[in-house]
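Asks: Next comes the structure file data-v9.txt, holding compact mmCIF, C-alpha atoms and all ligand atoms.
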# COMPACT_ATOMS: atom_id res chain seq x y z
CA MET A 92 63.06 96.76 47.55
CA LEU A 93 66.03 95.90 45.34
CA MET A 94 65.26 95.06 41.71
CA GLN A 95 65.47 91.41 40.68
CA THR A 96 66.58 90.75 37.09
CA ILE A 97 65.23 87.57 35.53
CA LEU A 98 66.83 86.50 32.27
CA VAL A 99 64.80 84.05 30.17
CA LEU A 100 67.42 82.35 28.09
CA ASN A 101 68.08 79.39 25.84
CA SER A 102 70.04 79.38 22.61
CA LYS A 103 67.42 76.99 21.20
CA GLY A 104 64.64 78.73 19.30
CA GLY A 105 60.93 78.33 19.96
CA CYS A 106 61.18 76.83 23.46
CA GLY A 107 59.01 79.51 25.10
CA LYS A 108 61.35 82.35 26.11
CA THR A 109 58.95 85.08 24.97
CA THR A 110 55.92 83.26 26.37
CA ILE A 111 57.51 82.89 29.80
CA ALA A 112 59.03 86.41 29.82
CA SER A 113 55.76 88.09 28.82
CA ASN A 114 53.72 85.98 31.25
CA LEU A 115 56.11 86.87 34.05
CA ALA A 116 55.85 90.58 33.27
CA SER A 117 52.05 90.31 33.18
CA LEU A 118 52.00 88.30 36.42
CA TYR A 119 54.06 90.90 38.27
CA ALA A 120 52.13 93.84 36.82
CA THR A 121 48.76 92.36 37.76
CA GLY A 122 50.12 91.57 41.23
CA GLY A 123 51.12 95.19 41.79
CA VAL A 124 54.87 94.60 41.42
CA LYS A 125 56.48 97.06 38.99
CA PRO A 126 58.00 95.14 36.07
CA VAL A 127 60.04 96.13 33.05
CA LEU A 128 60.08 93.79 30.06
CA MET A 129 63.30 94.09 28.06
CA ASP A 130 63.30 92.62 24.56
CA TYR A 131 66.76 91.69 23.25
CA ASP A 132 65.34 89.83 20.27
CA PRO A 133 65.50 91.56 16.84
CA GLN A 134 62.32 89.58 15.98
CA GLY A 135 60.62 91.85 18.52
CA SER A 136 58.15 89.25 19.79
CA SER A 137 57.84 90.76 23.27
CA LEU A 138 57.59 94.17 21.65
CA GLN A 139 54.68 92.99 19.50
CA TRP A 140 53.02 91.30 22.48
CA HIS A 141 53.36 94.53 24.43
CA GLN A 142 51.82 96.57 21.60
CA LEU A 143 48.71 94.38 21.80
CA ARG A 144 48.12 95.31 25.46
CA THR A 145 45.21 97.67 25.92
CA GLY A 146 45.24 100.59 28.33
CA LYS A 147 42.87 98.71 30.64
CA LEU A 148 45.56 96.18 31.53
CA ALA A 149 48.19 96.71 34.24
CA HIS A 150 51.08 98.83 33.01
CA ILE A 151 54.29 97.16 31.83
CA HIS A 152 57.22 99.33 30.78
CA LEU A 153 58.97 97.87 27.72
CA ILE A 154 62.55 98.49 26.64
CA ASN A 155 63.71 97.48 23.17
CA ALA A 156 67.31 96.37 23.72
CA SER A 157 67.75 94.79 20.30
CA LYS A 158 68.64 98.02 18.53
CA THR A 159 71.60 100.19 19.32
CA SER A 160 70.98 103.90 19.15
CA LYS A 161 73.45 106.49 17.87
CA ARG A 162 71.73 109.20 19.88
CA GLN A 163 71.80 107.43 23.23
CA THR A 164 74.52 105.66 25.17
CA ARG A 165 73.83 101.95 25.71
CA SER A 166 73.40 102.40 29.46
CA TRP A 167 70.92 105.23 28.89
CA GLN A 168 69.03 103.11 26.37
CA LEU A 169 68.79 100.20 28.82
CA ALA A 170 68.02 102.30 31.90
CA VAL A 171 64.93 101.13 33.79
CA PRO A 172 62.52 103.62 35.39
CA PRO A 173 63.03 104.37 39.08
CA GLY A 174 61.05 102.05 41.35
CA THR A 175 61.25 99.05 39.01
CA GLU A 176 61.01 95.86 41.08
CA ARG A 177 61.44 93.15 38.43
CA LEU A 178 63.36 93.36 35.18
CA VAL A 179 62.40 90.49 32.87
CA ILE A 180 64.70 89.99 29.89
CA ASP A 181 63.51 88.12 26.80
CA ALA A 182 66.64 86.79 25.09
CA PRO A 183 66.88 85.88 21.42
CA ALA A 184 67.67 82.39 20.17
CA GLY A 185 71.31 81.70 19.37
CA VAL A 186 72.63 84.61 21.38
CA ASN A 187 76.34 84.64 22.21
CA GLY A 188 79.36 86.92 22.51
CA ILE A 189 79.11 90.46 23.85
CA LEU A 190 75.31 90.50 23.88
CA LEU A 191 75.18 87.34 25.99
CA GLN A 192 77.77 88.75 28.38
CA GLU A 193 75.77 91.99 28.63
CA MET A 194 72.62 90.06 29.58
CA LEU A 195 74.46 87.74 31.99
CA GLY A 196 76.05 90.75 33.64
CA ARG A 197 72.61 92.07 34.54
CA ALA A 198 70.96 88.81 35.60
CA ASP A 199 70.22 87.67 39.14
CA VAL A 200 68.31 84.62 37.92
CA ILE A 201 68.33 82.70 34.64
CA LEU A 202 65.26 80.77 33.59
CA ILE A 203 65.89 78.20 30.91
CA PRO A 204 62.78 76.92 29.12
CA VAL A 205 63.15 73.61 27.36
CA ILE A 206 60.81 71.54 25.23
CA PRO A 207 61.20 67.97 26.41
CA SER A 208 62.09 66.45 23.06
CA PRO A 209 65.40 64.59 22.63
CA ILE A 210 66.75 67.22 20.22
CA ASP A 211 65.85 70.15 22.46
CA ILE A 212 67.13 68.43 25.58
CA HIS A 213 70.44 67.69 23.93
CA ALA A 214 70.87 71.25 22.63
CA THR A 215 69.86 72.68 26.00
CA SER A 216 72.27 70.45 27.88
CA ASP A 217 75.14 71.72 25.71
CA PHE A 218 73.94 75.27 26.24
CA ILE A 219 73.79 74.90 30.03
CA ARG A 220 77.27 73.37 30.09
CA ASP A 221 78.56 76.40 28.13
CA LEU A 222 76.76 78.77 30.47
CA LEU A 223 78.50 77.20 33.43
CA LEU A 224 81.92 76.92 31.82
CA VAL A 225 82.15 79.95 29.54
CA GLY A 226 79.53 82.21 31.09
CA ARG A 227 80.84 81.30 34.57
CA ILE A 228 77.40 82.06 35.97
CA ARG A 229 78.20 80.42 39.31
CA SER A 230 81.11 82.75 39.94
CA LEU A 231 78.83 85.66 39.01
CA GLY A 232 76.41 84.48 41.73
CA VAL A 233 73.61 83.93 39.22
CA HIS A 234 71.01 81.23 39.97
CA ALA A 235 69.77 79.18 37.03
CA GLY A 236 66.69 76.96 36.83
CA VAL A 237 64.99 74.95 34.10
CA VAL A 238 61.32 74.93 33.10
CA ALA A 239 59.92 72.21 30.84
CA ASN A 240 57.54 73.92 28.44
CA ARG A 241 54.94 72.88 25.88
CA VAL A 242 54.58 69.51 27.52
CA ARG A 243 51.81 67.40 26.03
CA ARG A 244 51.88 64.52 28.46
CA GLU A 245 53.95 63.21 31.32
CA THR A 246 56.67 61.12 29.82
CA PRO A 247 59.80 59.34 31.02
CA LEU A 248 61.67 61.32 28.35
CA TYR A 249 62.48 63.74 31.17
CA GLU A 250 64.84 61.34 32.85
CA PRO A 251 67.97 62.27 30.86
CA LEU A 252 67.29 65.95 31.50
CA ARG A 253 66.66 65.39 35.19
CA ARG A 254 69.86 63.38 35.54
CA PHE A 255 71.85 66.02 33.71
CA LEU A 256 70.44 68.83 35.84
CA ASN A 257 71.04 66.85 39.01
CA SER A 258 74.65 66.36 38.00
CA LEU A 259 75.12 70.11 37.70
CA ARG A 260 72.90 70.97 40.67
CA ILE A 261 70.58 73.04 38.52
CA PRO A 262 66.99 72.91 39.76
CA PHE A 263 64.15 71.67 37.59
CA ILE A 264 61.45 74.15 38.54
CA THR A 265 58.19 73.21 36.89
CA THR A 266 56.39 71.79 33.90
CA LEU A 267 54.14 73.97 31.75
CA THR A 268 51.62 72.12 29.62
CA ASP A 269 50.97 73.02 25.99
CA THR A 270 47.56 74.69 26.21
CA ASP A 271 45.44 77.09 24.16
CA SER A 272 45.39 79.55 27.04
CA TYR A 273 48.96 80.68 26.29
CA VAL A 274 48.05 81.31 22.67
CA ARG A 275 44.77 83.06 23.52
CA ALA A 276 46.48 85.28 26.08
CA ALA A 277 49.34 86.17 23.71
CA GLU A 278 46.88 87.20 20.99
CA CYS A 279 45.63 89.98 23.28
CA GLY A 280 48.95 91.00 24.80
CA MET A 281 48.01 89.29 28.05
CA GLY A 282 49.39 86.59 30.32
CA ILE A 283 47.47 83.58 31.58
CA TYR A 284 46.93 85.38 34.91
CA GLU A 285 44.90 87.98 33.03
CA LEU A 286 42.50 85.36 31.65
CA PRO A 287 39.54 84.16 33.76
CA GLU A 288 40.69 82.08 36.74
CA ASP A 289 38.33 79.17 36.01
CA GLU A 290 39.77 78.82 32.49
CA THR A 291 43.38 78.77 33.62
CA ALA A 292 43.39 76.65 36.79
CA LEU A 293 45.93 74.17 35.42
CA GLU A 294 48.29 76.88 34.13
CA ARG A 295 48.14 78.81 37.42
CA GLU A 296 48.90 75.68 39.42
CA GLN A 297 51.88 74.91 37.19
CA TRP A 298 53.26 78.44 37.59
CA LEU A 299 53.23 78.27 41.40
CA PRO A 300 56.59 76.45 41.82
CA LEU A 301 58.17 78.97 39.46
CA ILE A 302 56.79 81.94 41.36
CA ARG A 303 58.00 80.42 44.64
CA TRP A 304 61.46 79.71 43.25
CA LEU A 305 61.83 83.22 41.84
CA ALA A 306 60.95 84.63 45.25
CA CYS A 307 63.81 82.65 46.81
CA PRO A 308 66.17 81.20 44.17
CA GLU A 309 69.04 80.82 46.63
CA ALA A 310 67.14 78.29 48.73
CA PRO A 311 68.28 74.73 48.06
CA PRO A 312 65.83 73.25 45.59
CA ARG A 313 63.51 70.62 46.97
CA LYS A 314 63.86 66.99 45.88
CA MET A 315 67.35 67.57 44.50
CA PRO A 316 69.60 64.79 45.76
CA ASP A 317 73.15 65.83 46.39
CA LEU A 318 74.66 63.68 43.67
CA PRO A 319 78.31 63.61 42.74
CA ARG A 320 79.18 65.20 39.41
CA LEU A 321 78.02 62.96 36.60
CA SER A 322 78.83 63.16 32.94
CA LEU A 323 76.52 64.69 30.36
CA VAL A 324 73.15 63.38 29.23
CA SER A 325 74.40 60.41 27.30
CA GLY A 326 76.74 59.12 29.97
CA ALA A 327 74.71 60.01 33.05
N1 LIG B 401 53.00 76.34 27.10
C1 LIG B 401 52.61 76.67 25.86
N2 LIG B 401 51.41 76.26 25.39
C2 LIG B 401 51.02 76.54 24.12
N3 LIG B 401 51.78 77.26 23.25
C3 LIG B 401 52.98 77.69 23.66
C4 LIG B 401 53.45 77.45 24.99
N4 LIG B 401 54.68 78.01 25.11
C5 LIG B 401 54.95 78.59 23.93
N5 LIG B 401 53.93 78.40 23.05
C6 LIG B 401 53.88 78.83 21.65
O1 LIG B 401 55.04 78.32 21.03
C7 LIG B 401 55.56 79.26 20.10
C8 LIG B 401 57.01 79.57 20.47
O2 LIG B 401 57.00 80.17 21.75
P1 LIG B 401 57.89 81.46 22.04
O3 LIG B 401 57.75 82.47 20.95
O4 LIG B 401 57.58 81.89 23.42
O5 LIG B 401 59.33 80.80 21.97
P2 LIG B 401 60.75 81.55 21.95
O6 LIG B 401 61.71 80.68 22.67
O7 LIG B 401 60.59 82.95 22.44
O8 LIG B 401 61.06 81.57 20.39
P3 LIG B 401 62.29 82.36 19.69
O9 LIG B 401 63.50 81.52 19.96
O10 LIG B 401 61.90 82.38 18.24
O11 LIG B 401 62.36 83.70 20.32
C9 LIG B 401 54.65 80.46 20.15
O12 LIG B 401 53.70 80.34 19.11
C10 LIG B 401 53.94 80.33 21.50
O13 LIG B 401 52.64 80.90 21.50
MG MG B 402 61.16 84.80 21.55
Can you present the structure in this file as structure tokens?
Ligand SMILES: Nc1ncnc2c1ncn2[C@@H]1O[C@H](COP(=O)(O)OP(=O)(O)OP(=O)(O)O)[C@@H](O)[C@H]1O
Ligand SMILES: [Mg+2]

Replies:
Amino acid sequence: MLMQTILVLNSKGGCGKTTIASNLASLYATGGVKPVLMDYDPQGSSLQWHQLRTGKLAHIHLINASKTSKRQTRSWQLAVPPGTERLVIDAPAGVNGILLQEMLGRADVILIPVIPSPIDIHATSDFIRDLLLVGRIRSLGVHAGVVANRVRRETPLYEPLRRFLNSLRIPFITTLTDTDSYVRAAECGMGIYELPEDETALEREQWLPLIRWLACPEAPPRKMPDLPRLSLVSGA
């Protein structure tokens, strides 16, 4: 099987990039799909998460892409082991320039986590517009989707984001609630799929649309009306 590269990306900090990237790697590993987790963030959050994993857990190969090595070429440093089926990239906040192009050049799919607060939605909307215009992800054949993360309650605050995404034909994939399970799992270098099933029923249910979309990101997203191009959040 060909490798799928999933880039978890948003220039906004703290929206859940590391949480989603590490949970994806853990999900694939526990499901018997060979993942590599690549940490581009100098903060090394995925690296630290990975160091907490015990030998009893399913193996995840980690690559630290945040440091350049004088002894290795970049392509050698970023080489994934043979047989890798999913490459999950954890991007740093505020990434741009050559590093962003390097990550975009590898990606098949871009997952954009967003916290549904007005400030985060606004920043993310600008970021997505730049990705489409400057990053030209459509011409690169990269599929992008948005995940609302750390949601405390269902709120109509989503509407501006939904309208904006509709206008750009970017699918809204799922909503992940703010729960202790993510924190508890992260403390042990695990994902929510490695915690007991009866304690993580809500989280597992919320991940299902994301898992389905990643399996077939080229399929037209469900419930996405074919709207004409609208203006950005404020004007939509
Ligand atoms: N769904 C969730 N429920 C509860 N806590 C969460 C959830 N998602 C993320 N968090 C917590 O929010 C904080 C920020 O998440 P995370 O580190 O994944 O964000 P990030 O986008 O990678 O941040 P940075 O931009 O600094 O790299 C962490 O403490 C994480 O445990
Ligand atoms: Mg992070």

Asks: Can you tell me which residues sit at most 6 Å away from ligand LIG 401 (chain B), counting all atoms listed in the file, written as an MDAnalysis selection string?

Replies: chainID A and resid 104:110 183:184 240:241 267:271 273:274

Asks: What does the file look like for those residues with C-alpha atoms, as a compact mmCIF listing (two decimals), in the coordinates of the input?

Replies:
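This is the output file part22.txt:
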# COMPACT_ATOMS: atom_id res chain seq x y z
CA GLY A 104 64.64 78.73 19.30
CA GLY A 105 60.93 78.33 19.96
CA CYS A 106 61.18 76.83 23.46
CA GLY A 107 59.01 79.51 25.10
CA LYS A 108 61.35 82.35 26.11
CA THR A 109 58.95 85.08 24.97
CA THR A 110 55.92 83.26 26.37
CA PRO A 183 66.88 85.88 21.42
CA ALA A 184 67.67 82.39 20.17
CA ASN A 240 57.54 73.92 28.44
CA ARG A 241 54.94 72.88 25.88
CA LEU A 267 54.14 73.97 31.75
CA THR A 268 51.62 72.12 29.62
CA ASP A 269 50.97 73.02 25.99
CA THR A 270 47.56 74.69 26.21
CA ASP A 271 45.44 77.09 24.16
CA TYR A 273 48.96 80.68 26.29
CA VAL A 274 48.05 81.31 22.67

Asks: Considering only C-alpha atoms, tabulate each residue of stretch 268-292 of chain A that lies at most 7 Å from stretch 141-162 of chain A along with its nearest interatomic pair and the corresponding distance in Å to one decimal; arrange the rows by chain and ascending residue number and present them as a Markdown table.

Replies:
| residue | atom | partner | partner_atom | distance |
| --- | --- | --- | --- | --- |
| A:Cys279 | CA | A:Leu143 | CA | 5.6 |
| A:Gly280 | CA | A:Arg144 | CA | 4.4 |
| A:Met281 | CA | A:Arg144 | CA | 6.6 |

Asks: Which residue, A:Ala182, A:Val99, A:Val225, A:Leu252, has the smallest gap to A:His213 when you use only C-alpha atoms?

Replies: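 Under the stated criterion, the closest residue is A:Leu252.
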
Asks: Calculated over all atoms listed in the file, which of the candidates A:Gly185, A:Pro173, A:Pro251, A:Pro207 has the smallest distance to ligand MG 402 (chain B)?

Replies: A:Gly185

Asks: Which polymer residues have any atom within 12 Å of an atom of A:Ile219, counting all atoms listed in the file, with same-chain residues fewer than 2 positions away left out, as an MDAnalysis selection string?

Replies: chainID A and resid 100:103 201:205 211:217 221:229 235:237 252 255:256 258:261 323:324

Asks: Can you tell me which residues surround A:Thr266 at a distance of at most 8 Å, considering all atoms listed in the file, apart from same-chain residues fewer than 2 positions away, and format the answer as a ChimeraX atom specification?

Replies: /A:238-240,242,264,268,297

Asks: Choose the residue, out of A:Gly196, A:Pro133, A:Gln95, A:Pro209, that has the smallest atom-to-atom separation from ligand MG 402 (chain B); count all atoms listed in the file.

Replies: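 The shortest atom-to-atom distance to ligand MG 402 (chain B) comes from A:Pro133.
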
Asks: Using all atoms listed in the file, can you tell me which of A:Gln168, A:Asp132, A:Asn114, A:Leu93 comes closest to ligand MG 402 (chain B)?

Replies: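 Going through A:Gln168, A:Asp132, A:Asn114, A:Leu93 one by one, the smallest distance to ligand MG 402 (chain B) is for A:Asp132.
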
Asks: Please report the interatomic distance between atom CA of A:Asp181 and atom CA of A:Ile111 in Å with one decimal.

Replies: 8.5 Å

Asks: Using only C-alpha atoms, can you tell me which of A:Arg243, A:Leu195, A:Phe263, A:Ile189 comes closest to A:Leu231?

Replies: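 Going through A:Arg243, A:Leu195, A:Phe263, A:Ile189 one by one, the smallest distance to A:Leu231 is for A:Leu195.
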
Asks: Counting only C-alpha atoms, which of A:Leu128, A:Ala276, A:Leu98, A:Leu138 gets nearest to A:Gln192?

Replies: A:Leu98

Asks: Please report the interatomic distance between atom CA of A:Arg165 and atom CA of A:Glu193 in Å with one decimal.

Replies: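 Computing it gives 10.6 Å between the two atoms.
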
Asks: Just to confirm, what's the straight-line distance from atom CA of A:Ser113 to atom CA of A:Ser136 in Å (one decimal)?

Replies: 9.4 Å

Asks: Taking 5 positions as the minimum chain separation for residues in the same chain, which residues sit within 8 Å of stretch 283-286 of chain A when counting all atoms listed in the file? Answer as a PyMOL selection string.

Replies: chain A and resi 114+117-118+121+272-273+276+291+294-295
